[in-house]
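Engineer: One structure coming up, written as structure tokens, with questions to follow.
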4 protein chains.
Amino acid sequence: MFFASDNWAGAHPEIAAGLAASAAGFSTAYGDGDLDRAVYQRFSEIFEHEVAVFFVATGTAANSLSLAAYNKTGGISLCHRESHVVEDECGAPEFFTGGSRLLPVDGALGRIDAKKLEQALQRLTPEFVHTGRPAAITITQSTETGTVYGLDAISEISALAKRHGLPLHMDGARFANALVSLDTTPAEMTWKRGVDILSFGGTKNGCWCAEAVVLFDLDKARELAFLRKRSAQLFSKSRFIAAQFDAYFKDGLWLETARHSNAMAARLAAVMERAPSARLAWQPQANEVFAILKKTNAEKAQMAGAAFYDWHKPAGFTGPIADDEALYRFVTSFATTERDVDALGKLLAG
Amino acid sequence: MFFASDNWAGAHPEIAAGLAASAAGFSTAYGDGDLDRAVYQRFSEIFEHEVAVFFVATGTAANSLSLAAYNKTGGISLCHRESHVVEDECGAPEFFTGGSRLLPVDGALGRIDAKKLEQALQRLTPEFVHTGRPAAITITQSTETGTVYGLDAISEISALAKRHGLPLHMDGARFANALVSLDTTPAEMTWKRGVDILSFGGTKNGCWCAEAVVLFDLDKARELAFLRKRSAQLFSKSRFIAAQFDAYFKDGLWLETARHSNAMAARLAAVMERAPSARLAWQPQANEVFAILKKTNAEKAQMAGAAFYDWHKPAGFTGPIADDEALYRFVTSFATTERDVDALGKLLAG
Amino acid sequence: MFFASDNWAGAHPEIAAGLAASAAGFSTAYGDGDLDRAVYQRFSEIFEHEVAVFFVATGTAANSLSLAAYNKTGGISLCHRESHVVEDECGAPEFFTGGSRLLPVDGALGRIDAKKLEQALQRLTPEFVHTGRPAAITITQSTETGTVYGLDAISEISALAKRHGLPLHMDGARFANALVSLDTTPAEMTWKRGVDILSFGGTKNGCWCAEAVVLFDLDKARELAFLRKRSAQLFSKSRFIAAQFDAYFKDGLWLETARHSNAMAARLAAVMERAPSARLAWQPQANEVFAILKKTNAEKAQMAGAAFYDWHKPAGFTGPIADDEALYRFVTSFATTERDVDALGKLLAG
Amino acid sequence: MFFASDNWAGAHPEIAAGLAASAAGFSTAYGDGDLDRAVYQRFSEIFEHEVAVFFVATGTAANSLSLAAYNKTGGISLCHRESHVVEDECGAPEFFTGGSRLLPVDGALGRIDAKKLEQALQRLTPEFVHTGRPAAITITQSTETGTVYGLDAISEISALAKRHGLPLHMDGARFANALVSLDTTPAEMTWKRGVDILSFGGTKNGCWCAEAVVLFDLDKARELAFLRKRSAQLFSKSRFIAAQFDAYFKDGLWLETARHSNAMAARLAAVMERAPSARLAWQPQANEVFAILKKTNAEKAQMAGAAFYDWHKPAGFTGPIADDEALYRFVTSFATTERDVDALGKLLAG
């Protein structure tokens with residue numbers, strides 16, 4: 001019963017097979033091979049937009065390079081207070097941008113509050129050297145708390161970004177989970193709603209290691225090529241990423257794994273709602289479930305082999321947590337089975 | 001006939017199979033899984049020394065993080081004038097060290113000349129803030145020109161390093177090729193000769209993507225963990241690297257692929273020596289062959305499907321090159337066949 | 001009537017004279033001259049502690065170098081949400097530290113709230129590479145809102161710092177104003193209360209340009225020497241700073257100018273309290289007065305030649321501000337006269 | 001007898017007086033005061049070109065910011081092998097540019113050899129991410145060895161720079177000494193010959209601390225403003241620099257001090273040529289004299305109170321130096337007197 005993170009799973013069998021099938025033969029290195037190019041083209045089709053695609057090693061790299069591509073001297077990127085860029089990347093975005101700042105903005109359950117964002121932007125004066133100047137806005141879809149920005153919420157933030165002359169970045173480490181949750185298209189969830197640059201994650205949804213920066217604004221492509229190489233993120237045998245994405249997109253595998261993962265989260269939420277010693281902290285919208293458990297129950301379940309973590313109370317969560325309780329996170333993935341969910345349910349039921 | 005680079009090959013069948021075999025099941029992320037730990041242990045056995053191992057995405061990352069681990073404010077790392085760190089990494093070592101400098105030192109055919117190194121070190125005064133201060137020495141084994149440092153040459157440089165209180169880094173992107181060329185042990189070629197930190201490359205020798213920093217000096221391990229994460233080089237599904245190294249080391253596969261690769265280079269050298277329109281620029285010691293061809297012959301061969309690059313004349317190469325000739329590099333790998341070599345030979349002959 | 005900032009004044013006549021008197025003759029450059037050394041010694045006497053002193057060009061440099069001296073990879077320095085380091089230095093602290101983060105902590109009227117600081121520290125886990133790790137705590141004395149930390153408040157924060165193994169930095173751009181406000185000694189306000197490193201400012205209190213990093217922890221001195229040079233902050237004719245500090249300290253001039261400046265602020269506060277169209281936002285404790293004025297009155301005064309700025313409402317200020325009112329800042333200095341203050345009072349009254 | 005460096009002198013009496021005269025009164029801070037603006041205007045007149053002027057703390061800052069203004073990701077700036085940027089700035093240029101590289105180019109006696117520069121440029125391929133890409137060329141006028149680029153030599157290098165699409169920076173720490181040596185105008189020695197950005201030094205020629213970046217290409221002005229602030233180089237009481245430059249330019253004082261300084265160097269050269277135990281290493285063209293002395297004689301002179309340093313043999317100097325001899329540098333300044341020179345001559349004569 002592994003609910004610690006979706007990155008505890010391995011690779012989906014189709015992806016493992018696709019990779020193995022590409023092992024033989026020679027190919028131009030550094031992202032210029034035939035399979036690389038075919039996959040770039042596939043991205044353009046999927047997004048219904050000509051895009052530039054840059055494979056990188058990690059989601060942290062995709063986020064950091066995205067912010068670096070739009071950085072300015074004294075730059076400030078506005079993000080949610082509990083976003084991955086600010087809480088889980090060891091300062092990589094600041095490092096990749098040569099010291100630019102992440103300005104945390106409030107908002108309930110992992111989503112930036114547009115009014116708070118507007119206030120934060122108004123406090124910054126782009127022409128005033130002392131404060132530094134806004135460089136980008138970044139949102140996470142789906143968020144760190146398993147919620148999802150609705151399409152209108154994305155539009156609202158991108159309208160604000162445009163008004164202030166700023167690019168909008170989307171951290172899509174769990175892009176597919178949000179996409180199927182909203183039942184929309186990649187185009188609708190990104191450039192049609194004003195997203196300029198996207199961290200597109202495949203790793204958490206069934207790949208071994210398949211992350212990419214997707215640029216809708218091709219003017220930045222050349223700069224990104226140098227940024228990526230300088231940060232040691234340019235793979236030589238790049239097709240090992242391409243082969244994973246090739247299998248990922250084939251016959252909609254990526255949507256299928258995301259749907260499965262979300263369905264497992266929904267099933268787990270239902271389990272939590274029924275369990276006498278647990279209660280759902282808020283409704284999951286993607287593949288992460290947050291629940292309040294008695295600490296003793298949680299420990300018992302962990303000792304019985306269930307892997308999951310306790311979690312900080314996010315901004316916007318006001319529900320009471322008793323002294324003998326704590327908040328816990330459960331993440332599902334393509335590899336989670338109904339049996340796993342039900343076994344966890346039984347454990348928690350006692 | 002692919003001789004452009006050893007990174008044009010894909011993955012060795014055993015490595016592809018090993019990776020596929022590890023796809024199922026769950027594992028702790030970020031390098032703490034069982035397979036990760038088993039592979040770290042394997043490194044310690046192979047090097048006959050307790051080592052700390054850090055998987056990273058690229059050889060450039062391994063080199064840059066190694067130099068960053070030993071960096072000082074105003075630091076200067078001494079390297080060969082034509083080394084990969086200075087000529088092929090787009091400034092990544094400087095970026096990872098926050099702006100420290102690579103000081104190029106001369107030497108014939110890719111190997112640092114110990115006397116020149118001594119002169120360069122004497123010009124630097126470690127206690128003088130104006131010049132900056134020496135931080136590390138880095139050598140490449142095998143070198144960018146397909147030569148190999150003998151064990152005594154490594155000792156000579158490390159003795160110099162110790163005398164100046166500096167750590168010695170080895171860029172081992174082609175470590176295995178040098179190892180079998182010298183017919184020695186990993187321990188003999190590294191810490192027994194004074195190497196403190198090693199970039200250990202598996203990618204060019206049959207893996208998809210398997211690079212590691214190997215630390216003999218465990219005091220730096222904690223710092224390296226933060227440096228790696230901050231540079232977005234910490235893989236979540238880390239076992240996909242571990243699985244490759246596991247297969248790489250199994251039954252000495254890595255030595256076998258390196259021996260094959262070197263043997264193909266030797267065969268190619270013999271072909272060059274026989275070819276009327278070609279001549280060997282110098283004797284290869286690993287898996288790279290440099291030869292002087294008539295430009296028209298080279299172009300004909302390239303048009304007939306042979307992939308290889310022309311190359312800068314390295315320091316120390318004094319042989320004449322006529323106006324209608326140029327210097328070319330041919331790299332062999334685990335995937336190079338005798339048939340490929342002989343086919344190239346025929347092309348060049350005819 | 002110049003109340004825009006204490007850096008709108010020039011140099012105190014004694015300091016100007018001291019500088020002029022040092023113009024002739026030769027002296028070792030780069031901080032090693034006789035006058036430099038005499039002044040370093042003077043600092044040690046004034047602080048009753050052996051200190052290492054580093055002259056730098058600006059307060060921003062002093063702060064940024066102080067944080068850099070204690071930085072770690074993935075480092076996080078905790079500061080007040082509205083501190084100068086985070087709001088007025090264009091990202092210099094992040095730049096000097098190679099991308100480390102400033103984590104804003106709440107607190108009323110410019111002073112960090114120790115409880116909020118404790119909470120922020122508990123959210124960080126020093127051994128966990130993902131979040132990064134705490135590197136330093138920095139406080140401002142006197143603060144950006146003209147308030148002063150009491151000695152016990154400094155002790156409370158430094159105790160917290162020690163408990164978490166962190167150094168405590170004090171931004172003393174207005175050190176003298178706080179010192180005379182508390183009627184204490186430099187030693188009591190710094191190392192005796194747990195301060196490890198201090199940005200000591202002379203510029204705002206009567207010098208042209210006299211800023212220094214004062215290190216109580218001599219182990220960091222060597223590193224700071226390299227950090228300063230690498231950031232282009234090492235003056236060649238260093239004695240031009242030394243001469244200013246020499247005059248600054250002579251016969252307690254620095255305390256006299258600070259007392260005068262604070263007295264002018266107190267006088268201005270009294271004026272505000274009496275003025276029908278103005279009210280004091282909070283009691284000043286140093287040389288900055290914050291008042292709420294009708295916007296039309298403020299504009300009239302500005303058009304009549306009074307220089308002062310409107311200001312953001314700081315955290316902890318809850319007083320109502322009507323729609324036709326705004327918050328304004330008035331800064332006094334050694335050069336402010338009673339006549340200036342009274343003239344401003346008349347303008348605002350009328 | 002102080003010949004150690006021109007920065008061992010203090011301030012010229014006229015400059016000291018000008019500074020003292022500006023001490024009273026209030027002025028807008030951060031470079032926007034009336035005197036600041038008047039001095040910027042004066043620069044435009046002197047250079048017969050609209051320029052943007054940025055006061056900074058040190059020559060190292062001026063150089064580093066100049067290179068940062070034109071930097072690119074993976075950027076490489078080409079400089080003379082023994083230039084100040086590469087040998088005396090502790091890595092500040094690399095730090096300010098976020099890790100870009102200085103590529104050393106050969107040339108006799110401190111001047112870049114245009115042919116060697118062309119070769120170095122041809123080895124770099126601007127569109128190839130691996131090598132990085134050329135960002136700027138920087139020359140020093142007068143050079144570190146007291147020589148001067150002739151106007152045609154500047155044109156030759158700037159033509160090369162233009163052909164490769166690169167900006168040309170001039171390190172003018174000793175700008176005035178070169179200017180009067182060539183008996184030309186500031187315009188002729190800079191933008192009319194293709195210089196895009198200049199480090200203009202006043203400190204070594206009679207100021208306390210007066211360095212500026214002078215931009216002929218106004219498009220970079222906004223970026224430089226942020227770069228300067230972020231590197232903590234924006235003075236608050238900026239007029240203390242303005243007042244020095246005001247006096248410096250008044251009635252051609254700066255040309256007069258430079259002429260005096262050069263004349264003292266010429267006198268010293270003549271002394272060397274006459275001294276039996278000394279010989280001139282090469283003819284000085286500005287205010288630095290290099291001579292070969294018997295070590296025992298040099299030590300005797302130093303013990304008798306003459307301050308001067310021994311020096312590395314520069315590239316292009318082929319003259320023999322016996323084992324009991326060494327190369328020494330003697331620098332003159334506005335404060336050097338004929339008496340000093342003659343006294344040194346006597347000492348060396350024995």
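Naming works like this for the structure tokens: A, B, ... for the chains as they're shown, residue 1 at the start of each chain, ligands 1 onward in shown order.
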Any idea what's packed within 7 Å of region 208-219 of chain C, counting only C-alpha atoms, ignoring anything in its chain fewer than 2 positions away? Could you give it as a PyMOL selection string?
Structural biologist: (chain C and resi 10-11+50-59+62+66+191+196-203+206+221+241+244-245) or (chain D and resi 237+240)
Engineer: Near chain A, meaning an atom within 8 Å, which residues of chain D appear when counting only C-alpha atoms? Write them as a PyMOL selection string.
Structural biologist: chain D and resi 73-74+98+129-130+132+223+225-227+229-230
Engineer: Grab the CA of Ala9 (chain B) to CA of Gly252 (chain B) distance for me, in Å with one decimal place.
Structural biologist: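 Computing the Euclidean distance for CA of Ala9 (chain B) and CA of Gly252 (chain B) yields 19.7 Å.
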Engineer: At what distance in Å, to one decimal, does CA of Val39 (chain D) lie from CA of Phe249 (chain D)?
Structural biologist: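 Atom-to-atom, CA of Phe249 (chain D) to CA of Val39 (chain D), that is 9.1 Å.
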Engineer: Would you kindly return, as a ChimeraX atom specification, each protein, DNA or RNA residue with an atom no farther than 9 Å from any atom of region 119-121 of chain B, considering only C-alpha atoms and excluding same-chain residues fewer than 3 positions away?
Structural biologist: /B:78,103,105,114-116,124-125,134,164
Engineer: For the strand (DSSP E or B) assignment from backbone DSSP, which residues of region 75-168 of chain B qualify? Please present them as a list in words.
Structural biologist: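 Restricting region 75-168 of chain B to strand (DSSP E or B) produces Gly75, Ile76, Ser77, Leu78, Cys79, His80, Arg101, Leu102, Leu103, Pro104, Val105, Arg133, Pro134, Ala135, Ala136, Ile137, Thr138, Ile139, Thr140 and Leu168 of chain B.
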Engineer: Produce a file of the selected residues containing N, CA and C atoms, as an mmCIF file, in the first residue's frame.
Structural biologist:
data_model
loop_
_atom_site.group_PDB
_atom_site.id
_atom_site.type_symbol
_atom_site.label_atom_id
_atom_site.label_comp_id
_atom_site.auth_asym_id
_atom_site.auth_seq_id
_atom_site.Cartn_x
_atom_site.Cartn_y
_atom_site.Cartn_z
ATOM 1 N N GLY B 75 37.470 31.143 -6.456
ATOM 2 C CA GLY B 75 38.185 29.909 -6.745
ATOM 3 C C GLY B 75 38.607 29.775 -8.202
ATOM 4 N N ILE B 76 39.681 29.060 -8.409
ATOM 5 C CA ILE B 76 40.230 28.808 -9.742
ATOM 6 C C ILE B 76 40.527 27.317 -9.851
ATOM 7 N N SER B 77 39.921 26.661 -10.836
ATOM 8 C CA SER B 77 40.206 25.250 -11.060
ATOM 9 C C SER B 77 41.074 25.114 -12.297
ATOM 10 N N LEU B 78 42.128 24.358 -12.162
ATOM 11 C CA LEU B 78 43.077 24.216 -13.264
ATOM 12 C C LEU B 78 42.730 22.977 -14.074
ATOM 13 N N CYS B 79 42.662 23.150 -15.383
ATOM 14 C CA CYS B 79 42.252 22.054 -16.263
ATOM 15 C C CYS B 79 43.088 22.106 -17.538
ATOM 16 N N HIS B 80 43.010 21.057 -18.340
ATOM 17 C CA HIS B 80 43.703 21.101 -19.625
ATOM 18 C C HIS B 80 42.991 22.086 -20.552
ATOM 19 N N ARG B 101 36.588 30.284 -11.734
ATOM 20 C CA ARG B 101 37.246 30.286 -13.045
ATOM 21 C C ARG B 101 37.914 28.961 -13.345
ATOM 22 N N LEU B 102 37.912 28.598 -14.632
ATOM 23 C CA LEU B 102 38.722 27.484 -15.121
ATOM 24 C C LEU B 102 39.979 28.069 -15.728
ATOM 25 N N LEU B 103 41.114 27.657 -15.228
ATOM 26 C CA LEU B 103 42.376 28.163 -15.744
ATOM 27 C C LEU B 103 42.976 27.111 -16.658
ATOM 28 N N PRO B 104 43.091 27.406 -17.959
ATOM 29 C CA PRO B 104 43.590 26.404 -18.901
ATOM 30 C C PRO B 104 45.108 26.225 -18.800
ATOM 31 N N VAL B 105 45.522 24.976 -18.768
ATOM 32 C CA VAL B 105 46.942 24.635 -18.697
ATOM 33 C C VAL B 105 47.289 23.821 -19.943
ATOM 34 N N ARG B 133 41.957 32.364 -5.732
ATOM 35 C CA ARG B 133 42.796 31.322 -5.131
ATOM 36 C C ARG B 133 42.495 29.959 -5.758
ATOM 37 N N PRO B 134 43.531 29.149 -5.886
ATOM 38 C CA PRO B 134 43.325 27.833 -6.499
ATOM 39 C C PRO B 134 42.355 27.007 -5.661
ATOM 40 N N ALA B 135 41.490 26.260 -6.337
ATOM 41 C CA ALA B 135 40.468 25.475 -5.640
ATOM 42 C C ALA B 135 40.547 23.984 -5.969
ATOM 43 N N ALA B 136 40.942 23.649 -7.179
ATOM 44 C CA ALA B 136 40.970 22.236 -7.569
ATOM 45 C C ALA B 136 41.779 22.064 -8.852
ATOM 46 N N ILE B 137 42.186 20.823 -9.084
ATOM 47 C CA ILE B 137 42.790 20.438 -10.363
ATOM 48 C C ILE B 137 41.905 19.355 -10.951
ATOM 49 N N THR B 138 41.680 19.431 -12.243
ATOM 50 C CA THR B 138 40.828 18.412 -12.867
ATOM 51 C C THR B 138 41.517 17.836 -14.096
ATOM 52 N N ILE B 139 41.514 16.512 -14.188
ATOM 53 C CA ILE B 139 42.078 15.816 -15.357
ATOM 54 C C ILE B 139 40.995 14.934 -15.977
ATOM 55 N N THR B 140 41.181 14.568 -17.229
ATOM 56 C CA THR B 140 40.199 13.756 -17.939
ATOM 57 C C THR B 140 40.836 12.418 -18.290
ATOM 58 N N LEU B 168 42.035 16.703 -6.215
ATOM 59 C CA LEU B 168 42.164 16.278 -7.610
ATOM 60 C C LEU B 168 40.866 15.623 -8.078
#
Engineer: Got a sec: who's within 9 Å of Ala301 (chain B), counting only C-alpha atoms, leaving out chain neighbours fewer than 6 positions off, as a list in words?
Structural biologist: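 Here the qualifying residues turn out to be Ala307, Leu344, Leu347 and Leu348 of chain B.
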Engineer: Could the residues in this selection be written to a file with C-alpha atoms, as a short mmCIF file (atom, residue, chain, number, x, y, z; two decimals), in the first residue's frame?
Structural biologist:
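Generated output (out_15.cif):
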data_model
loop_
_atom_site.label_atom_id
_atom_site.label_comp_id
_atom_site.auth_asym_id
_atom_site.auth_seq_id
_atom_site.Cartn_x
_atom_site.Cartn_y
_atom_site.Cartn_z
CA ALA B 307 29.15 9.83 -39.59
CA LEU B 344 34.51 2.59 -43.25
CA LEU B 347 35.00 3.77 -48.10
CA LEU B 348 38.19 5.57 -47.23
#
Engineer: What's around region 281-292 of chain A at 8 Å? Count only C-alpha atoms, leave out sequence neighbours fewer than 4 positions away in its own chain, and write the answer as a ChimeraX atom specification.
Structural biologist: /A:142,145-148,177-178,181,261-266,268-269,272,317,319,321,325-333
Engineer: Using backbone DSSP assignments, extract all helix (DSSP H, G or I) residues from region 22-98 of chain C; output them as a ChimeraX atom specification.
Structural biologist: /C:34-47,59-69,84-87,92-96
Engineer: Quick one: residues within 9 Å of Arg193 (chain C), only C-alpha atoms, excluding same-chain residues fewer than 3 positions away - as a list of chain:residue names?
Structural biologist: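 Close residues of Arg193 (chain C): C:Leu151, C:Asp152, C:Ile154, C:Ser155, C:Glu156, C:Ser158, C:Ala159, C:Ala187, C:Glu188, C:Met189, C:Thr190.
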Engineer: Store the residues picked out above, limited to N, CA, C and O atoms, as a PDB file, in the first residue's frame.
Structural biologist:
ATOM      1  N   LEU C 151      16.626  45.626  24.226  1.00  0.00           N
ATOM      2  CA  LEU C 151      17.724  44.663  24.422  1.00  0.00           C
ATOM      3  C   LEU C 151      17.187  43.258  24.672  1.00  0.00           C
ATOM      4  O   LEU C 151      17.739  42.275  24.171  1.00  0.00           O
ATOM      5  N   ASP C 152      16.107  43.166  25.419  1.00  0.00           N
ATOM      6  CA  ASP C 152      15.552  41.832  25.687  1.00  0.00           C
ATOM      7  C   ASP C 152      14.987  41.199  24.416  1.00  0.00           C
ATOM      8  O   ASP C 152      15.063  39.971  24.245  1.00  0.00           O
ATOM      9  N   ILE C 154      16.179  41.594  21.459  1.00  0.00           N
ATOM     10  CA  ILE C 154      17.344  41.072  20.726  1.00  0.00           C
ATOM     11  C   ILE C 154      17.776  39.739  21.343  1.00  0.00           C
ATOM     12  O   ILE C 154      18.025  38.756  20.630  1.00  0.00           O
ATOM     13  N   SER C 155      17.818  39.712  22.651  1.00  0.00           N
ATOM     14  CA  SER C 155      18.206  38.465  23.339  1.00  0.00           C
ATOM     15  C   SER C 155      17.249  37.330  22.999  1.00  0.00           C
ATOM     16  O   SER C 155      17.679  36.183  22.802  1.00  0.00           O
ATOM     17  N   GLU C 156      15.980  37.639  22.952  1.00  0.00           N
ATOM     18  CA  GLU C 156      14.990  36.595  22.681  1.00  0.00           C
ATOM     19  C   GLU C 156      15.226  35.992  21.285  1.00  0.00           C
ATOM     20  O   GLU C 156      15.199  34.769  21.100  1.00  0.00           O
ATOM     21  N   SER C 158      18.061  36.150  19.528  1.00  0.00           N
ATOM     22  CA  SER C 158      19.358  35.471  19.422  1.00  0.00           C
ATOM     23  C   SER C 158      19.322  34.121  20.138  1.00  0.00           C
ATOM     24  O   SER C 158      19.984  33.170  19.710  1.00  0.00           O
ATOM     25  N   ALA C 159      18.532  34.021  21.200  1.00  0.00           N
ATOM     26  CA  ALA C 159      18.400  32.722  21.869  1.00  0.00           C
ATOM     27  C   ALA C 159      17.784  31.708  20.909  1.00  0.00           C
ATOM     28  O   ALA C 159      18.226  30.556  20.810  1.00  0.00           O
ATOM     29  N   ALA C 187      28.436  47.367  22.665  1.00  0.00           N
ATOM     30  CA  ALA C 187      28.609  45.965  23.069  1.00  0.00           C
ATOM     31  C   ALA C 187      27.284  45.371  23.537  1.00  0.00           C
ATOM     32  O   ALA C 187      26.912  44.250  23.154  1.00  0.00           O
ATOM     33  N   GLU C 188      26.560  46.115  24.354  1.00  0.00           N
ATOM     34  CA  GLU C 188      25.286  45.613  24.879  1.00  0.00           C
ATOM     35  C   GLU C 188      24.283  45.354  23.754  1.00  0.00           C
ATOM     36  O   GLU C 188      23.478  44.433  23.817  1.00  0.00           O
ATOM     37  N   MET C 189      24.328  46.184  22.743  1.00  0.00           N
ATOM     38  CA  MET C 189      23.315  46.062  21.687  1.00  0.00           C
ATOM     39  C   MET C 189      23.704  45.019  20.641  1.00  0.00           C
ATOM     40  O   MET C 189      22.929  44.728  19.733  1.00  0.00           O
ATOM     41  N   THR C 190      24.907  44.472  20.775  1.00  0.00           N
ATOM     42  CA  THR C 190      25.347  43.524  19.738  1.00  0.00           C
ATOM     43  C   THR C 190      25.802  42.194  20.349  1.00  0.00           C
ATOM     44  O   THR C 190      24.975  41.383  20.725  1.00  0.00           O
TER      45      THR C 190
END
Engineer: Can you list, as a PyMOL selection string, every protein, DNA or RNA residue that comes within 10 Å of Asp113 (chain B) when you count only C-alpha atoms, leaving out same-chain residues fewer than 4 positions away?
Structural biologist: chain B and resi 80+105-109+117-118+153+156-157
Engineer: Can you write out the residues you just picked, keeping N, CA, C and O atoms, as a PDB file, in the first residue's frame?
Structural biologist:
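What follows is the written file selection.pdb:
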ATOM      1  N   HIS B  80      43.010  21.057 -18.340  1.00  0.00           N
ATOM      2  CA  HIS B  80      43.703  21.101 -19.625  1.00  0.00           C
ATOM      3  C   HIS B  80      42.991  22.086 -20.552  1.00  0.00           C
ATOM      4  O   HIS B  80      41.776  22.223 -20.519  1.00  0.00           O
ATOM      5  N   VAL B 105      45.522  24.976 -18.768  1.00  0.00           N
ATOM      6  CA  VAL B 105      46.942  24.635 -18.697  1.00  0.00           C
ATOM      7  C   VAL B 105      47.289  23.821 -19.943  1.00  0.00           C
ATOM      8  O   VAL B 105      46.484  23.015 -20.414  1.00  0.00           O
ATOM      9  N   ASP B 106      48.469  24.052 -20.461  1.00  0.00           N
ATOM     10  CA  ASP B 106      48.886  23.347 -21.674  1.00  0.00           C
ATOM     11  C   ASP B 106      49.320  21.911 -21.407  1.00  0.00           C
ATOM     12  O   ASP B 106      49.549  21.519 -20.256  1.00  0.00           O
ATOM     13  N   GLY B 107      49.470  21.175 -22.499  1.00  0.00           N
ATOM     14  CA  GLY B 107      49.938  19.792 -22.412  1.00  0.00           C
ATOM     15  C   GLY B 107      49.617  19.107 -23.726  1.00  0.00           C
ATOM     16  O   GLY B 107      48.607  19.423 -24.361  1.00  0.00           O
ATOM     17  N   ALA B 108      50.453  18.154 -24.096  1.00  0.00           N
ATOM     18  CA  ALA B 108      50.298  17.521 -25.412  1.00  0.00           C
ATOM     19  C   ALA B 108      49.163  16.512 -25.409  1.00  0.00           C
ATOM     20  O   ALA B 108      48.981  15.761 -24.454  1.00  0.00           O
ATOM     21  N   LEU B 109      48.382  16.520 -26.482  1.00  0.00           N
ATOM     22  CA  LEU B 109      47.351  15.505 -26.752  1.00  0.00           C
ATOM     23  C   LEU B 109      46.401  15.284 -25.573  1.00  0.00           C
ATOM     24  O   LEU B 109      46.111  14.161 -25.180  1.00  0.00           O
ATOM     25  N   LEU B 117      51.693  22.914 -15.225  1.00  0.00           N
ATOM     26  CA  LEU B 117      50.765  23.014 -14.100  1.00  0.00           C
ATOM     27  C   LEU B 117      51.451  23.667 -12.904  1.00  0.00           C
ATOM     28  O   LEU B 117      50.906  24.573 -12.262  1.00  0.00           O
ATOM     29  N   GLU B 118      52.648  23.220 -12.641  1.00  0.00           N
ATOM     30  CA  GLU B 118      53.426  23.797 -11.529  1.00  0.00           C
ATOM     31  C   GLU B 118      53.626  25.300 -11.748  1.00  0.00           C
ATOM     32  O   GLU B 118      53.452  26.107 -10.826  1.00  0.00           O
ATOM     33  N   ALA B 153      51.670   9.214 -14.227  1.00  0.00           N
ATOM     34  CA  ALA B 153      51.311  10.596 -14.571  1.00  0.00           C
ATOM     35  C   ALA B 153      50.220  11.115 -13.629  1.00  0.00           C
ATOM     36  O   ALA B 153      50.240  12.273 -13.208  1.00  0.00           O
ATOM     37  N   GLU B 156      51.898  11.919 -10.397  1.00  0.00           N
ATOM     38  CA  GLU B 156      52.698  13.143 -10.469  1.00  0.00           C
ATOM     39  C   GLU B 156      51.803  14.375 -10.277  1.00  0.00           C
ATOM     40  O   GLU B 156      52.149  15.307  -9.556  1.00  0.00           O
ATOM     41  N   ILE B 157      50.668  14.343 -10.917  1.00  0.00           N
ATOM     42  CA  ILE B 157      49.753  15.488 -10.799  1.00  0.00           C
ATOM     43  C   ILE B 157      49.131  15.543  -9.414  1.00  0.00           C
ATOM     44  O   ILE B 157      49.001  16.612  -8.814  1.00  0.00           O
TER      45      ILE B 157
END
